[in-house]
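Report on one structure; see the data block that follows.
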Amino acid sequence: MSDPAVLCENLRFAYVKDRPVLDIERLEIARGERVFLFGPSGSGKTTLLGILSGVLTQFEGKVDVLGREIAKLSGSERDAFRGAHLGYIFQLFNLIPYLTVVENITLPCRLHAERRKALGGVPLEEAAKAAAAKLGIRHLLAQKVTSLSVGQQQRVAAARALVGAPALIIADEPTSSLDYDHREKFLELLFDSCKEAKATILFVSHDRSLMHLFDRQLDLAVINRAQTVATAE
Ligand SMILES: Nc1ncnc2c1ncn2[C@@H]1O[C@H](COP(=O)(O)OP(=O)(O)OP(=O)(O)O)[C@@H](O)[C@H]1O
Ligand SMILES: [Mg+2]
């Protein structure tokens, strides 16, 4: 594989010295590949996503994301890179509480010109409305996110990650608060947006009923030599 979306070699990470959370010899994800990442609670899934998105920087080894060596970027370069090229759906949403739904959804495109350019001339609010409509939150656009249910907030976080077609979508348990119908709709929107943009998806979930929809199923417990979890899921 010549130009993967993600390449980790001899990646080691510990929050506390001598207590490694991740020890991965090699992880490669192709451009456009849709990967379902699973593993027991506490096995390091969110930690790995934090490293790939440039939030956790104290790692050893080589980590390339979309052809950029993360360790070589300065803090502000990492922020700009993340804003322009990554759509991250956090396990705990990370919505901005004092902004409305539409303001939250359009935030990455307003902050990053490169991301806005990817809309190809479609007005930003129109793109936000289209994503919101597909996820069933079109009627909530003007509301403050603090007035929404947890499942509605999760859909706002999903719409925010997808608008502006980032090249890599990283999703940490994005469907855990959704009912069956919205989970299906969410995945449909995710896959549609990614196909158009030829984006890569790294999707973490405990919900194994979704795993067959992906190109590859990756068990972190198998590739991670640092065993942080003694008991099974
Ligand atoms: N900020 C932190 N400081 C110290 N240790 C941490 C921190 N965050 C996570 N850990 C530890 O690192 C390990 C991996 O945590 P992580 O959140 O990556 O797991 P996970 O696989 O995402 O779990 P879950 O499925 O419950 O979300 C756990 O043992 C956890 O206790
Ligand atoms: Mg986690």
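FYI, nothing fancy with the structure tokens labels: chains A, B, ... in order, residues from 1 per chain, ligands from 1 as they appear.
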
**Q.** Selection within 6 Å of ligand 1 by only C-alpha atoms and all ligand atoms, output as number ranges by chain
**A.** A: 15, 21, 40-47, 228

Dump as a compact mmCIF listing (two decimals), in the first residue's frame, selection limited to C-alpha atoms:
# COMPACT_ATOMS: atom_id res chain seq x y z
CA TYR A 15 -0.48 7.79 30.37
CA VAL A 21 -1.76 1.29 27.23
CA PRO A 40 -13.05 -4.51 25.61
CA SER A 41 -13.72 -1.38 27.63
CA GLY A 42 -10.39 0.08 28.72
CA SER A 43 -8.40 -1.63 25.94
CA GLY A 44 -7.22 1.70 24.48
CA LYS A 45 -9.62 2.44 21.61
CA THR A 46 -10.25 6.09 22.54
CA THR A 47 -6.54 6.48 23.31
CA THR A 228 -4.51 -3.30 29.95

**Q.** Within 12 Å of ligand 2 (only C-alpha atoms and all ligand atoms), residues as number ranges by chain
**A.** A: 37-50, 89-92, 171-174, 176, 203-206, 220

Q) Between A:Ala132, A:Ile201, A:Leu7, A:Ala84, which has the minimum distance to Ile70 (chain A) (counting only C-alpha atoms)? A)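 Smallest separation from Ile70 (chain A) among the options: A:Leu7.
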
Q) Excluding same-chain residues fewer than 4 positions from Glu25 (chain A), what lies within 8 Å of it counting only C-alpha atoms, as a PyMOL selection string? A) chain A and resi 8-11+223-224

Q: Write out as a count of residues only each polymer residue whose atoms come within 10 Å of Gln58 (chain A), counting only C-alpha atoms; drop sequence neighbours fewer than 6 positions from it.
A: 6

Q) Which residues, written as an MDAnalysis selection string, have at least one atom at most 10 Å from Arg183 (chain A), with only C-alpha atoms counted and residues fewer than 3 positions away on the same chain left out? A) chainID A and resid 135 151 155 174:180 186:189 210

Give me a file of those residues, with N, CA and C atoms, as a PDB file, in the first residue's frame.
ATOM      1  N   LEU A 135     -30.589  13.195   9.333  1.00  0.00           N
ATOM      2  CA  LEU A 135     -30.458  12.631  10.679  1.00  0.00           C
ATOM      3  C   LEU A 135     -31.669  12.936  11.566  1.00  0.00           C
ATOM      4  N   GLY A 151     -29.548  11.492  22.534  1.00  0.00           N
ATOM      5  CA  GLY A 151     -29.533  10.944  21.173  1.00  0.00           C
ATOM      6  C   GLY A 151     -29.536  12.044  20.117  1.00  0.00           C
ATOM      7  N   ARG A 155     -26.567  13.091  17.260  1.00  0.00           N
ATOM      8  CA  ARG A 155     -26.774  13.318  15.826  1.00  0.00           C
ATOM      9  C   ARG A 155     -26.216  14.672  15.388  1.00  0.00           C
ATOM     10  N   PRO A 174     -20.243   6.326  18.034  1.00  0.00           N
ATOM     11  CA  PRO A 174     -21.155   7.386  17.603  1.00  0.00           C
ATOM     12  C   PRO A 174     -22.622   7.006  17.635  1.00  0.00           C
ATOM     13  N   THR A 175     -22.905   5.724  17.787  1.00  0.00           N
ATOM     14  CA  THR A 175     -24.314   5.328  17.720  1.00  0.00           C
ATOM     15  C   THR A 175     -24.857   4.841  19.057  1.00  0.00           C
ATOM     16  N   SER A 176     -24.066   4.990  20.123  1.00  0.00           N
ATOM     17  CA  SER A 176     -24.461   4.366  21.389  1.00  0.00           C
ATOM     18  C   SER A 176     -25.754   4.941  21.973  1.00  0.00           C
ATOM     19  N   SER A 177     -26.086   6.196  21.645  1.00  0.00           N
ATOM     20  CA  SER A 177     -27.309   6.788  22.208  1.00  0.00           C
ATOM     21  C   SER A 177     -28.445   6.874  21.198  1.00  0.00           C
ATOM     22  N   LEU A 178     -28.292   6.187  20.078  1.00  0.00           N
ATOM     23  CA  LEU A 178     -29.320   6.296  19.041  1.00  0.00           C
ATOM     24  C   LEU A 178     -30.245   5.087  19.050  1.00  0.00           C
ATOM     25  N   ASP A 179     -31.523   5.332  18.704  1.00  0.00           N
ATOM     26  CA  ASP A 179     -32.417   4.197  18.559  1.00  0.00           C
ATOM     27  C   ASP A 179     -32.142   3.534  17.210  1.00  0.00           C
ATOM     28  N   TYR A 180     -32.793   2.392  16.982  1.00  0.00           N
ATOM     29  CA  TYR A 180     -32.483   1.575  15.806  1.00  0.00           C
ATOM     30  C   TYR A 180     -32.598   2.368  14.501  1.00  0.00           C
ATOM     31  N   PHE A 186     -27.997   7.145  10.463  1.00  0.00           N
ATOM     32  CA  PHE A 186     -26.678   7.698  10.716  1.00  0.00           C
ATOM     33  C   PHE A 186     -25.622   7.001   9.854  1.00  0.00           C
ATOM     34  N   LEU A 187     -25.680   5.665   9.835  1.00  0.00           N
ATOM     35  CA  LEU A 187     -24.685   4.918   9.044  1.00  0.00           C
ATOM     36  C   LEU A 187     -24.842   5.177   7.551  1.00  0.00           C
ATOM     37  N   GLU A 188     -26.116   5.310   7.121  1.00  0.00           N
ATOM     38  CA  GLU A 188     -26.378   5.604   5.717  1.00  0.00           C
ATOM     39  C   GLU A 188     -25.726   6.938   5.337  1.00  0.00           C
ATOM     40  N   LEU A 189     -25.947   7.947   6.177  1.00  0.00           N
ATOM     41  CA  LEU A 189     -25.375   9.270   5.910  1.00  0.00           C
ATOM     42  C   LEU A 189     -23.848   9.218   5.955  1.00  0.00           C
ATOM     43  N   LEU A 210     -23.242  -4.028  13.928  1.00  0.00           N
ATOM     44  CA  LEU A 210     -22.907  -3.103  12.835  1.00  0.00           C
ATOM     45  C   LEU A 210     -21.639  -3.518  12.086  1.00  0.00           C
TER      46      LEU A 210
END
